[in-house]
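Shown here: model_1.txt, compact mmCIF, C-alpha atoms and all ligand atoms.
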```txt
# COMPACT_ATOMS: atom_id res chain seq x y z
CA MET A 1 -141.21 71.00 -73.86
CA LYS A 2 -140.01 74.27 -72.38
CA ASP A 3 -142.23 77.33 -72.36
CA LEU A 4 -140.30 79.61 -74.74
CA ALA A 5 -142.67 82.55 -74.31
CA ALA A 6 -142.22 82.44 -70.52
CA GLU A 7 -138.46 82.26 -70.79
CA LEU A 8 -138.43 85.23 -73.17
CA GLN A 9 -140.64 87.20 -70.79
CA GLN A 10 -138.28 86.45 -67.93
CA ARG A 11 -135.35 87.81 -69.97
CA ARG A 12 -137.29 91.00 -70.64
CA GLN A 13 -137.91 91.46 -66.92
CA GLN A 14 -134.21 91.05 -66.11
CA ALA A 15 -133.12 93.58 -68.76
CA LEU A 16 -131.41 90.71 -70.56
CA TYR A 17 -133.54 90.75 -73.68
CA ARG A 18 -131.47 91.42 -76.79
CA HIS A 19 -132.59 92.80 -80.09
CA ARG A 20 -130.97 93.66 -83.39
CA ARG A 21 -130.63 97.22 -84.61
CA ILE A 22 -130.94 97.64 -88.35
CA ALA A 23 -128.12 99.55 -90.03
CA GLU A 24 -128.57 101.19 -93.41
CA ALA A 25 -125.00 102.35 -93.86
CA PRO A 26 -121.47 100.93 -93.99
CA GLN A 27 -119.39 100.71 -90.82
CA GLY A 28 -118.09 104.09 -89.76
CA PRO A 29 -118.31 106.53 -86.85
CA LEU A 30 -121.55 108.01 -88.22
CA MET A 31 -124.16 105.43 -89.12
CA LEU A 32 -127.82 105.38 -90.01
CA ILE A 33 -129.31 102.86 -87.59
CA ASP A 34 -132.99 102.19 -87.00
CA GLY A 35 -133.68 105.24 -89.17
CA ARG A 36 -131.59 107.56 -87.01
CA GLU A 37 -128.13 109.03 -87.52
CA VAL A 38 -125.94 108.01 -84.61
CA LEU A 39 -122.34 108.45 -83.57
CA ALA A 40 -121.23 104.88 -82.90
CA PHE A 41 -118.64 103.67 -80.38
CA CYS A 42 -119.22 99.94 -80.63
CA SER A 43 -117.62 98.66 -83.82
CA ASN A 44 -114.55 96.43 -84.08
CA ASP A 45 -113.55 98.19 -87.31
CA TYR A 46 -110.61 99.76 -85.46
CA LEU A 47 -108.67 100.92 -88.50
CA GLY A 48 -111.61 101.97 -90.65
CA LEU A 49 -110.84 99.28 -93.24
CA ALA A 50 -114.34 97.75 -93.52
CA ASN A 51 -115.33 100.44 -96.01
CA HIS A 52 -111.88 101.61 -97.14
CA PRO A 53 -111.91 102.54 -100.86
CA GLU A 54 -108.92 100.33 -101.72
CA VAL A 55 -110.33 97.33 -99.87
CA VAL A 56 -113.71 97.84 -101.57
CA LYS A 57 -111.98 98.10 -104.96
CA SER A 58 -110.05 94.84 -104.48
CA PHE A 59 -113.24 93.09 -103.47
CA LYS A 60 -115.11 94.30 -106.58
CA GLN A 61 -112.27 93.37 -108.93
CA ALA A 62 -112.02 89.92 -107.39
CA VAL A 63 -115.74 89.35 -107.85
CA ASP A 64 -115.22 89.94 -111.57
CA THR A 65 -112.44 87.35 -111.54
CA TYR A 66 -113.84 84.71 -109.21
CA GLY A 67 -117.58 85.36 -108.97
CA VAL A 68 -119.31 85.53 -105.59
CA GLY A 69 -119.54 82.04 -104.14
CA SER A 70 -116.55 79.76 -103.62
CA GLY A 71 -118.71 76.77 -104.49
CA ALA A 72 -117.10 74.13 -102.29
CA ALA A 73 -114.88 73.42 -99.31
CA HIS A 74 -111.12 74.09 -99.48
CA LEU A 75 -110.39 70.37 -99.84
CA ILE A 76 -112.78 69.95 -102.78
CA ASN A 77 -112.31 72.78 -105.29
CA GLY A 78 -113.05 75.97 -103.33
CA HIS A 79 -109.40 76.84 -102.54
CA THR A 80 -108.35 79.56 -105.00
CA GLN A 81 -105.12 81.34 -105.77
CA ALA A 82 -106.52 84.27 -103.75
CA HIS A 83 -106.91 82.12 -100.61
CA HIS A 84 -103.50 80.59 -101.13
CA ALA A 85 -101.74 83.95 -101.57
CA LEU A 86 -103.44 85.36 -98.49
CA GLU A 87 -102.32 82.36 -96.42
CA GLU A 88 -98.73 82.90 -97.53
CA GLU A 89 -98.91 86.60 -96.72
CA LEU A 90 -100.41 85.93 -93.29
CA ALA A 91 -97.63 83.43 -92.56
CA GLU A 92 -95.04 86.02 -93.44
CA PHE A 93 -96.85 88.77 -91.51
CA THR A 94 -96.96 86.65 -88.35
CA GLY A 95 -93.44 85.25 -88.77
CA ARG A 96 -94.57 81.63 -89.00
CA GLU A 97 -94.06 78.79 -91.44
CA ARG A 98 -97.68 78.57 -92.50
CA ALA A 99 -101.17 79.97 -92.01
CA LEU A 100 -104.59 78.47 -92.66
CA LEU A 101 -107.83 80.32 -93.39
CA PHE A 102 -111.10 79.54 -91.62
CA SER A 103 -114.52 80.95 -92.49
CA THR A 104 -114.97 82.54 -89.03
CA GLY A 105 -112.98 82.98 -85.84
CA TYR A 106 -115.52 80.92 -83.95
CA MET A 107 -114.91 78.01 -86.29
CA ALA A 108 -111.13 78.42 -86.18
CA ASN A 109 -111.17 78.05 -82.40
CA LEU A 110 -113.49 75.03 -82.43
CA GLY A 111 -111.41 73.43 -85.18
CA VAL A 112 -107.97 73.79 -83.62
CA VAL A 113 -108.87 72.70 -80.12
CA SER A 114 -110.92 69.69 -81.22
CA SER A 115 -108.12 68.62 -83.53
CA LEU A 116 -105.41 68.74 -80.91
CA LEU A 117 -107.27 67.41 -77.88
CA THR A 118 -109.53 64.55 -76.99
CA GLN A 119 -110.83 62.71 -73.93
CA GLY A 120 -108.09 62.31 -71.33
CA ASP A 121 -106.27 65.50 -72.38
CA ALA A 122 -106.52 68.79 -70.50
CA VAL A 123 -107.36 72.35 -71.49
CA PHE A 124 -106.71 75.44 -69.32
CA GLU A 125 -108.57 78.66 -70.04
CA ASP A 126 -108.56 82.16 -68.62
CA ARG A 127 -112.00 82.58 -67.09
CA LEU A 128 -112.69 85.68 -69.20
CA ASN A 129 -111.85 84.02 -72.52
CA HIS A 130 -114.14 84.62 -75.48
CA ALA A 131 -117.17 82.29 -75.70
CA SER A 132 -115.74 80.56 -78.79
CA LEU A 133 -112.66 79.46 -76.83
CA MET A 134 -114.85 78.16 -74.01
CA ASP A 135 -117.01 76.24 -76.47
CA ALA A 136 -113.89 74.94 -78.19
CA GLY A 137 -112.60 73.54 -74.89
CA LEU A 138 -115.94 71.92 -74.08
CA LEU A 139 -116.41 70.43 -77.55
CA SER A 140 -112.97 68.80 -77.45
CA ARG A 141 -114.05 66.61 -74.50
CA ALA A 142 -110.72 67.27 -72.80
CA ARG A 143 -110.74 67.92 -69.05
CA PHE A 144 -111.74 71.58 -68.82
CA SER A 145 -110.38 74.01 -66.24
CA ARG A 146 -110.66 77.74 -65.96
CA TYR A 147 -108.07 79.81 -64.09
CA GLU A 148 -108.47 83.20 -62.47
CA HIS A 149 -108.34 86.04 -65.00
CA ALA A 150 -104.82 87.02 -66.09
CA SER A 151 -103.24 85.02 -63.27
CA PRO A 152 -100.21 82.93 -64.28
CA LYS A 153 -99.99 81.80 -60.65
CA ALA A 154 -103.50 80.34 -60.71
CA LEU A 155 -102.72 78.63 -64.02
CA ALA A 156 -99.46 77.19 -62.68
CA GLN A 157 -101.26 75.65 -59.69
CA LYS A 158 -103.89 74.00 -61.86
CA ILE A 159 -101.56 72.75 -64.55
CA ASP A 160 -99.11 71.41 -61.99
CA ARG A 161 -101.79 69.12 -60.60
CA SER A 162 -102.76 67.79 -64.03
CA GLY A 163 -101.58 64.33 -64.99
CA ALA A 164 -102.73 64.69 -68.59
CA GLU A 165 -100.24 63.91 -71.31
CA GLU A 166 -101.54 66.50 -73.78
CA LYS A 167 -102.10 69.96 -72.27
CA LEU A 168 -103.29 73.15 -73.99
CA ILE A 169 -103.36 76.66 -72.52
CA LEU A 170 -105.88 78.93 -74.25
CA THR A 171 -106.14 82.68 -73.87
CA ASP A 172 -107.40 85.82 -75.57
CA GLY A 173 -104.49 88.15 -76.47
CA VAL A 174 -106.63 91.24 -75.81
CA PHE A 175 -109.67 90.37 -73.70
CA SER A 176 -112.72 91.24 -75.73
CA MET A 177 -114.92 92.65 -72.96
CA ASP A 178 -112.19 94.11 -70.73
CA GLY A 179 -109.62 95.41 -73.21
CA ASP A 180 -106.62 94.31 -71.14
CA ILE A 181 -103.74 92.28 -72.55
CA ALA A 182 -102.99 88.74 -71.33
CA PRO A 183 -99.74 88.14 -69.37
CA LEU A 184 -98.34 86.26 -72.35
CA PRO A 185 -94.63 86.12 -71.36
CA GLU A 186 -95.55 84.38 -68.09
CA LEU A 187 -98.02 82.04 -69.81
CA ALA A 188 -95.33 81.16 -72.37
CA ARG A 189 -92.89 80.33 -69.58
CA ILE A 190 -95.41 78.03 -67.89
CA ALA A 191 -96.22 76.35 -71.21
CA ARG A 192 -92.52 75.69 -71.78
CA GLU A 193 -91.99 74.29 -68.27
CA GLN A 194 -95.06 72.07 -68.49
CA GLU A 195 -94.52 71.00 -72.10
CA ALA A 196 -98.00 72.32 -72.86
CA TRP A 197 -99.29 73.95 -76.03
CA LEU A 198 -100.05 77.67 -75.83
CA MET A 199 -102.66 79.15 -78.17
CA VAL A 200 -103.44 82.86 -78.32
CA ASP A 201 -106.64 84.22 -79.88
CA ASP A 202 -105.60 87.69 -80.98
CA ALA A 203 -108.90 88.80 -82.53
CA HIS A 204 -108.56 92.29 -81.00
CA GLY A 205 -104.77 92.60 -81.16
CA ILE A 206 -104.02 91.87 -84.83
CA GLY A 207 -103.71 95.11 -86.80
CA VAL A 208 -103.94 97.24 -83.67
CA LEU A 209 -101.05 96.42 -81.33
CA GLY A 210 -97.32 96.43 -82.01
CA GLU A 211 -95.30 98.78 -84.16
CA HIS A 212 -96.23 96.91 -87.35
CA GLY A 213 -99.71 95.89 -86.26
CA LYS A 214 -98.71 92.30 -85.69
CA GLY A 215 -100.69 92.20 -82.47
CA SER A 216 -100.22 91.26 -78.83
CA LEU A 217 -97.17 89.11 -79.57
CA GLU A 218 -95.31 91.94 -81.28
CA HIS A 219 -96.38 94.29 -78.47
CA LEU A 220 -94.83 91.92 -75.91
CA ALA A 221 -91.85 90.87 -78.10
CA LEU A 222 -92.82 87.19 -78.29
CA ASP A 223 -92.33 84.85 -81.22
CA ALA A 224 -93.48 81.50 -82.58
CA LYS A 225 -91.30 79.61 -80.09
CA ASP A 226 -93.12 81.30 -77.21
CA VAL A 227 -96.60 80.97 -78.71
CA PRO A 228 -96.75 78.08 -81.18
CA ILE A 229 -100.42 78.57 -82.11
CA LEU A 230 -101.69 82.02 -83.10
CA MET A 231 -105.26 82.64 -84.15
CA GLY A 232 -106.39 85.96 -85.61
CA THR A 233 -109.66 87.17 -87.08
CA LEU A 234 -110.17 89.15 -90.27
CA GLY A 235 -113.53 90.70 -89.36
CA LYS A 236 -112.19 93.19 -86.82
CA ALA A 237 -109.18 95.48 -87.52
CA LEU A 238 -108.69 93.92 -90.97
CA GLY A 239 -112.22 94.96 -91.86
CA THR A 240 -113.30 91.89 -93.85
CA SER A 241 -114.48 88.49 -92.59
CA GLY A 242 -113.04 85.13 -91.58
CA ALA A 243 -110.01 84.08 -89.56
CA PHE A 244 -106.64 82.37 -89.70
CA VAL A 245 -104.46 80.10 -87.63
CA ALA A 246 -100.69 80.49 -87.99
CA GLY A 247 -98.02 78.07 -86.83
CA SER A 248 -95.54 75.43 -87.91
CA HIS A 249 -95.78 73.52 -91.16
CA ASP A 250 -96.79 70.37 -89.27
CA LEU A 251 -99.46 72.14 -87.22
CA ILE A 252 -101.13 73.54 -90.34
CA GLU A 253 -100.88 70.26 -92.23
CA PHE A 254 -102.40 68.46 -89.23
CA LEU A 255 -105.29 70.95 -89.15
CA ILE A 256 -105.94 70.50 -92.87
CA GLN A 257 -106.22 66.75 -92.28
CA THR A 258 -108.26 66.81 -89.06
CA ALA A 259 -110.01 70.11 -88.22
CA ARG A 260 -113.68 69.40 -88.82
CA THR A 261 -114.68 73.08 -89.01
CA TYR A 262 -112.09 73.44 -91.77
CA ILE A 263 -112.96 70.32 -93.72
CA TYR A 264 -116.75 70.31 -93.63
CA THR A 265 -117.58 73.86 -94.62
CA THR A 266 -117.61 76.04 -97.71
CA ALA A 267 -114.48 78.13 -98.27
CA MET A 268 -114.84 81.87 -97.68
CA PRO A 269 -115.50 83.74 -100.94
CA ALA A 270 -112.28 84.39 -102.88
CA ALA A 271 -113.17 88.08 -103.10
CA ILE A 272 -113.02 88.29 -99.30
CA ALA A 273 -109.52 86.83 -99.46
CA GLU A 274 -108.48 89.38 -102.11
CA ALA A 275 -109.96 92.26 -100.12
CA THR A 276 -108.10 91.00 -97.04
CA ARG A 277 -104.80 90.95 -98.95
CA THR A 278 -105.29 94.68 -99.51
CA SER A 279 -106.21 95.38 -95.89
CA LEU A 280 -103.16 93.44 -94.75
CA LYS A 281 -100.99 95.70 -96.90
CA LEU A 282 -102.68 98.81 -95.49
CA VAL A 283 -102.19 97.54 -91.92
CA GLN A 284 -98.46 97.32 -92.56
CA GLN A 285 -98.04 100.52 -94.57
CA GLU A 286 -100.19 102.88 -92.54
CA GLY A 287 -98.44 102.85 -89.18
CA TRP A 288 -99.73 106.37 -88.48
CA CYS A 289 -103.20 104.85 -87.96
CA ARG A 290 -102.09 103.10 -84.80
CA ALA A 291 -100.49 106.28 -83.43
CA GLU A 292 -103.66 108.25 -84.23
CA LEU A 293 -105.84 105.61 -82.58
CA SER A 294 -103.69 105.79 -79.42
CA ASN A 295 -104.15 109.56 -79.34
CA LEU A 296 -107.93 109.24 -79.53
CA ILE A 297 -107.96 106.60 -76.80
CA GLN A 298 -105.79 108.79 -74.59
CA ARG A 299 -108.06 111.80 -75.19
CA PHE A 300 -111.06 109.71 -74.10
CA ARG A 301 -109.30 108.38 -71.02
CA ASN A 302 -108.13 111.84 -69.95
CA GLY A 303 -111.59 113.32 -70.48
CA ALA A 304 -113.28 110.48 -68.59
CA LYS A 305 -110.89 110.96 -65.69
CA GLU A 306 -111.78 114.65 -65.50
CA LEU A 307 -115.44 113.63 -65.28
CA GLY A 308 -114.56 111.31 -62.40
CA LEU A 309 -115.39 108.22 -64.43
CA ASP A 310 -113.30 105.22 -63.43
CA LEU A 311 -112.54 103.40 -66.68
CA MET A 312 -111.17 99.88 -66.49
CA PRO A 313 -107.39 99.67 -67.01
CA SER A 314 -106.94 99.24 -70.76
CA GLU A 315 -104.52 100.63 -73.34
CA THR A 316 -106.39 99.13 -76.30
CA PRO A 317 -109.33 100.52 -78.33
CA ILE A 318 -111.66 98.55 -76.02
CA GLN A 319 -112.46 100.91 -73.16
CA PRO A 320 -115.05 99.57 -70.72
CA LEU A 321 -116.74 101.49 -67.92
CA LEU A 322 -117.88 99.08 -65.23
CA ILE A 323 -121.45 99.79 -64.06
CA GLY A 324 -122.28 96.55 -62.24
CA ASP A 325 -126.06 96.52 -62.31
CA THR A 326 -127.56 95.29 -65.60
CA VAL A 327 -130.66 97.52 -65.52
CA LYS A 328 -128.52 100.58 -64.84
CA ALA A 329 -126.07 99.79 -67.66
CA VAL A 330 -128.93 99.38 -70.13
CA SER A 331 -130.55 102.59 -68.93
CA ILE A 332 -127.35 104.63 -69.44
CA SER A 333 -126.93 103.20 -72.92
CA GLU A 334 -130.55 104.17 -73.73
CA LYS A 335 -129.98 107.70 -72.43
CA LEU A 336 -126.86 108.04 -74.58
CA LEU A 337 -128.95 107.02 -77.57
CA GLU A 338 -131.24 109.98 -76.84
CA HIS A 339 -128.10 112.06 -77.53
CA ASP A 340 -127.64 110.05 -80.77
CA ILE A 341 -124.69 108.14 -79.35
CA LEU A 342 -124.56 104.38 -79.76
CA VAL A 343 -122.65 102.41 -77.13
CA SER A 344 -123.40 98.84 -76.12
CA ALA A 345 -124.33 97.82 -72.63
CA ILE A 346 -122.61 94.46 -72.17
CA ARG A 347 -124.57 92.18 -69.89
CA PRO A 348 -124.40 88.65 -68.49
CA PRO A 349 -123.85 86.02 -69.75
CA THR A 350 -121.34 87.83 -72.01
CA VAL A 351 -119.68 89.11 -68.82
CA PRO A 352 -119.90 87.65 -65.28
CA GLU A 353 -122.96 88.41 -63.14
CA GLY A 354 -122.78 91.84 -61.46
CA THR A 355 -120.23 93.23 -63.93
CA ALA A 356 -122.48 94.79 -66.60
CA ARG A 357 -120.63 97.58 -68.34
CA LEU A 358 -120.61 100.12 -71.12
CA ARG A 359 -118.05 99.08 -73.68
CA PHE A 360 -116.69 101.93 -75.79
CA THR A 361 -114.60 101.03 -78.81
CA PHE A 362 -112.64 103.50 -80.90
CA SER A 363 -111.65 103.64 -84.53
CA VAL A 364 -109.10 105.73 -86.34
CA GLY A 365 -112.09 107.16 -88.24
CA HIS A 366 -113.30 108.99 -85.11
CA THR A 367 -112.37 112.66 -84.79
CA GLU A 368 -111.30 114.48 -81.63
CA GLU A 369 -114.57 116.45 -81.81
CA GLN A 370 -116.52 113.19 -81.79
CA ILE A 371 -114.64 112.02 -78.69
CA ASP A 372 -115.51 115.33 -77.03
CA ARG A 373 -119.15 114.93 -78.04
CA LEU A 374 -119.16 111.51 -76.36
CA LEU A 375 -117.61 112.94 -73.19
CA MET A 376 -120.20 115.73 -73.08
CA ALA A 377 -123.05 113.25 -73.46
CA LEU A 378 -121.53 111.12 -70.69
CA GLU A 379 -121.37 114.13 -68.41
CA ARG A 380 -125.07 114.74 -68.92
CA THR A 381 -126.21 111.13 -68.59
CA ILE A 382 -124.09 109.50 -65.92
CA GLN A 383 -124.12 111.94 -63.00
C1 LIG A 401 -114.86 88.12 -82.45
C2 LIG A 401 -114.05 87.10 -81.72
C3 LIG A 401 -114.02 85.77 -82.15
C4 LIG A 401 -114.91 85.26 -83.25
O1 LIG A 401 -114.47 85.66 -84.50
P1 LIG A 401 -115.53 85.69 -85.69
O2 LIG A 401 -114.70 85.74 -86.91
O3 LIG A 401 -116.36 86.90 -85.48
O4 LIG A 401 -116.32 84.42 -85.58
C5 LIG A 401 -113.18 84.89 -81.50
N1 LIG A 401 -112.41 85.30 -80.46
C6 LIG A 401 -112.44 86.56 -80.01
C7 LIG A 401 -111.58 86.94 -78.84
C8 LIG A 401 -113.27 87.50 -80.61
O5 LIG A 401 -113.33 88.74 -80.14
```

Take the structure I supplied and represent it as structure tokens, if you would.
Ligand SMILES: *Cc1c(COP(=O)(O)O)cnc(C)c1O
Amino acid sequence: MKDLAAELQQRRQQALYRHRRIAEAPQGPLMLIDGREVLAFCSNDYLGLANHPEVVKSFKQAVDTYGVGSGAAHLINGHTQAHHALEEELAEFTGRERALLFSTGYMANLGVVSSLLTQGDAVFEDRLNHASLMDAGLLSRARFSRYEHASPKALAQKIDRSGAEEKLILTDGVFSMDGDIAPLPELARIAREQEAWLMVDDAHGIGVLGEHGKGSLEHLALDAKDVPILMGTLGKALGTSGAFVAGSHDLIEFLIQTARTYIYTTAMPAAIAEATRTSLKLVQQEGWCRAELSNLIQRFRNGAKELGLDLMPSETPIQPLLIGDTVKAVSISEKLLEHDILVSAIRPPTVPEGTARLRFTFSVGHTEEQIDRLLMALERTIQ
């Protein structure tokens, strides 16, 4: 049996030990965490919908209608009118025939990939894909290959050599730890040439990118023919919880019949679905939010440049500053906390060895003054 205490001690020594902070407040720029009021730059609540009064109201009303628990899986009797309506609205929002809800994004990814692929098939993944996509590829038992980050050329070489009948290309739309956008038009072209599936996980693009908040695909003017499988999460910009997969009628029907993480799990609470219907409306109505968010991001990037800080190239609300050394990244994040600013140090194995970073994320709820406060604290801590 392995010595757990020794392994934990080793993690502590390498500055890799993780611990939970305890929040006593809803998501928002100012939060009470571990008994201390902090200005937070680490949430995925990009549009401030997690505690939006209208979303909260829909949730409460739906609890009166449906109760709290959904009681069973979708295929038993847990699939309510609320779930069904949300699926139809997500299909329309994404311009696809159908959409299917999953209880989490992690499960959506595992479910789709294991349904479509098996031994003898092949899966191709960007090497910086989210952990859930990596696990999905491994769980499927298909032949697993990773290509150089954001390199269609590297993908083309690998996929060209594959003799597999069934091929699936998997990529994040917006890379979760880097904030850059995948070269989707080129990936779509390769998928077409190779008769491979292309699936995009747009957890950080949905709600944020594109004129109507439809995500990376809208941003790059791609449609369902280019990207037949679109996965999006509800726990980030949409401010609730869960995920969806959108695609053709046959794809969704096939997933209902075969995706194990869909079949063998309790449906998300109906009230979450109702709350999400309201956030989806807000995402579409409140286009100004995306413009405001871009302004805040630009203000941060300009300010960081003046301080001589070399941010990674990103036009999304995920703005990483590469530090490299893990101990140093953790130490800067601790110093920022002394200024009551909460920013995560992202360390291996979440990112490759030697690429520890500070990952700033922005929300439309932040003010310009708060961005300036962050820049001032950075000036004092990083030099
Ligand atoms: C957050 C995230 C997921 C997981 O979604 P959950 O609903 O939180 O399980 C999957 N993929 C990416 C790219 C993510 O950022």

Subject >> Surrounding residues of Thr80 of chain A excluding itself and chain neighbours under 4 positions, 12 Å, only C-alpha atoms, as a list in words >> reply: Ala62, Thr65, Tyr66, Gly67, Gly69, Ser70, Gly71, Ala72, Ala73, His74, Leu75, Ile76, His84, Ala85, Leu86, Glu87, Leu101, Ala267, Met268, Pro269, Ala270, Ala271, Ile272, Ala273 and Glu274 of chain A

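Interatomic distance, atom CA of Ser140 of chain A against atom C7 of ligand LIG 401 (chain A): 18.2 Å.
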
Original post:
Would you name the residues within 7 Å of ligand LIG 401 (chain A), counting only C-alpha atoms and all ligand atoms, and put them as a list of chain:residue names?
Top reply: A:Thr104, A:Gly105, A:Tyr106, A:Met107, A:Asn129, A:His130, A:Ser132, A:Leu133, A:Asp172, A:Phe175, A:Ser176, A:Asp201, A:Asp202, A:Ala203, A:His204, A:Thr233, A:Leu234, A:Gly235, A:Ser241, A:Gly242, A:Ala243

Produce a table with one row for each residue of segment 20-51 of chain A that has an atom at most 12 Å from any atom of segment 303-326 of chain A, each row naming the nearest atom pair and its distance in Å at one decimal; use all atoms listed in the file; arrange rows by chain and rising residue number; format as JSON lines.
```
{"residue": "A:Phe41", "atom": "CA", "partner": "A:Ile318", "partner_atom": "CA", "distance": 9.7}
{"residue": "A:Cys42", "atom": "CA", "partner": "A:Ile318", "partner_atom": "CA", "distance": 9.0}
{"residue": "A:Ser43", "atom": "CA", "partner": "A:Ile318", "partner_atom": "CA", "distance": 9.8}
{"residue": "A:Asn44", "atom": "CA", "partner": "A:Pro317", "partner_atom": "CA", "distance": 8.8}
{"residue": "A:Asp45", "atom": "CA", "partner": "A:Pro317", "partner_atom": "CA", "distance": 10.2}
{"residue": "A:Tyr46", "atom": "CA", "partner": "A:Pro317", "partner_atom": "CA", "distance": 7.3}
{"residue": "A:Leu47", "atom": "CA", "partner": "A:Pro317", "partner_atom": "CA", "distance": 10.2}
```

**OP:** One decimal, Å: what's the distance from atom CA of Glu353 of chain A over to atom CA of Leu16 of chain A, could you say?
**Re:**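 If I compute the distance from atom CA of Glu353 of chain A to atom CA of Leu16 of chain A, I get 11.5 Å.
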
Original post:
Restricting the calculation to all atoms listed in the file, which member of A:Met177, A:His212, A:Ile382, A:Pro228 is positioned closest to Val283 of chain A?
Top reply: A:His212

Original post:
Can you tell me how far atom CA of Ser151 of chain A sits from atom CA of Leu170 of chain A, in Å to one decimal?
Top reply: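 That distance, rounded to one decimal, is 12.8 Å.
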
Original post:
Mind listing as a ChimeraX atom specification all residues within 12 Å of (-91.0, 83.2, -82.3), counting only C-alpha atoms?
Top reply: /A:94-97,185,188,217-218,220-230,246-248

Per residue of segment 143-261 of chain A within 12 Å of segment 114-122 of chain A, what are the shortest atom pair and its distance in Å to one decimal, counting all atoms listed in the file, with rows by chain and residue number, as a tab-separated table?
```
residue	atom	partner	partner_atom	distance
A:Arg143	CA	A:Ala122	CA	4.5
A:Phe144	CA	A:Ala122	CA	6.2
A:Ser145	CA	A:Ala122	CA	7.8
A:Arg146	CA	A:Ala122	CA	10.9
A:Lys158	CA	A:Ala122	CA	10.4
A:Ile159	CA	A:Ala122	CA	8.7
A:Asp160	CA	A:Ala122	CA	11.6
A:Arg161	CA	A:Ala122	CA	11.0
A:Ser162	CA	A:Ala122	CA	7.5
A:Gly163	CA	A:Ala122	CA	8.6
A:Ala164	CA	A:Asp121	CA	5.2
A:Glu165	CA	A:Asp121	CA	6.3
A:Glu166	CA	A:Asp121	CA	5.0
A:Lys167	CA	A:Ala122	CA	4.9
A:Leu168	CA	A:Ala122	CA	6.5
A:Ile169	CA	A:Ala122	CA	8.7
A:Leu170	CA	A:Ala122	CA	10.8
A:Ala196	CA	A:Ala122	CA	9.5
A:Trp197	CA	A:Leu116	CA	9.4
A:Leu198	CA	A:Leu116	CA	11.6
A:Met199	CA	A:Leu116	CA	11.1
A:Ile229	CA	A:Leu116	CA	11.1
A:Leu251	CA	A:Leu116	CA	9.3
A:Ile252	CA	A:Ser115	CA	10.9
A:Glu253	CA	A:Ser115	CA	11.4
A:Phe254	CA	A:Ser115	CA	8.1
A:Leu255	CA	A:Ser115	CA	6.7
A:Ile256	CA	A:Ser115	CA	9.8
A:Gln257	CA	A:Ser115	CA	9.1
A:Thr258	CA	A:Ser115	CA	5.8
A:Ala259	CA	A:Ser115	CA	5.3
A:Arg260	CA	A:Ser115	CA	7.7
A:Thr261	CA	A:Ser114	CA	9.3
```

Can you sort out segment 106-115 of chain A so it carries N, CA, C and O atoms, written as a CSV table (one decimal), keeping the file's coordinate frame?
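Written output follows (part_38.csv):
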```
chain,number,residue,atom,x,y,z
A,106,TYR,N,-114.9,81.9,-84.8
A,106,TYR,CA,-115.5,80.9,-84.0
A,106,TYR,C,-115.1,79.5,-84.4
A,106,TYR,O,-114.8,78.6,-83.6
A,107,MET,N,-115.2,79.3,-85.7
A,107,MET,CA,-114.9,78.0,-86.3
A,107,MET,C,-113.4,77.7,-86.2
A,107,MET,O,-113.1,76.5,-86.0
A,108,ALA,N,-112.6,78.7,-86.3
A,108,ALA,CA,-111.1,78.4,-86.2
A,108,ALA,C,-110.9,77.9,-84.8
A,108,ALA,O,-110.1,76.9,-84.6
A,109,ASN,N,-111.4,78.5,-83.8
A,109,ASN,CA,-111.2,78.0,-82.4
A,109,ASN,C,-111.7,76.6,-82.2
A,109,ASN,O,-111.0,75.8,-81.6
A,110,LEU,N,-112.9,76.4,-82.6
A,110,LEU,CA,-113.5,75.0,-82.4
A,110,LEU,C,-112.6,74.0,-83.2
A,110,LEU,O,-112.3,72.9,-82.6
A,111,GLY,N,-112.2,74.4,-84.3
A,111,GLY,CA,-111.4,73.4,-85.2
A,111,GLY,C,-110.1,73.1,-84.6
A,111,GLY,O,-109.7,71.9,-84.5
A,112,VAL,N,-109.3,74.1,-84.1
A,112,VAL,CA,-108.0,73.8,-83.6
A,112,VAL,C,-108.0,72.9,-82.3
A,112,VAL,O,-107.3,71.9,-82.2
A,113,VAL,N,-108.9,73.4,-81.4
A,113,VAL,CA,-108.9,72.7,-80.1
A,113,VAL,C,-109.4,71.3,-80.2
A,113,VAL,O,-108.8,70.3,-79.7
A,114,SER,N,-110.4,71.1,-81.0
A,114,SER,CA,-110.9,69.7,-81.2
A,114,SER,C,-109.9,68.8,-82.0
A,114,SER,O,-109.9,67.6,-81.8
A,115,SER,N,-109.1,69.4,-82.8
A,115,SER,CA,-108.1,68.6,-83.5
A,115,SER,C,-107.0,68.2,-82.6
A,115,SER,O,-106.5,67.0,-82.7
```
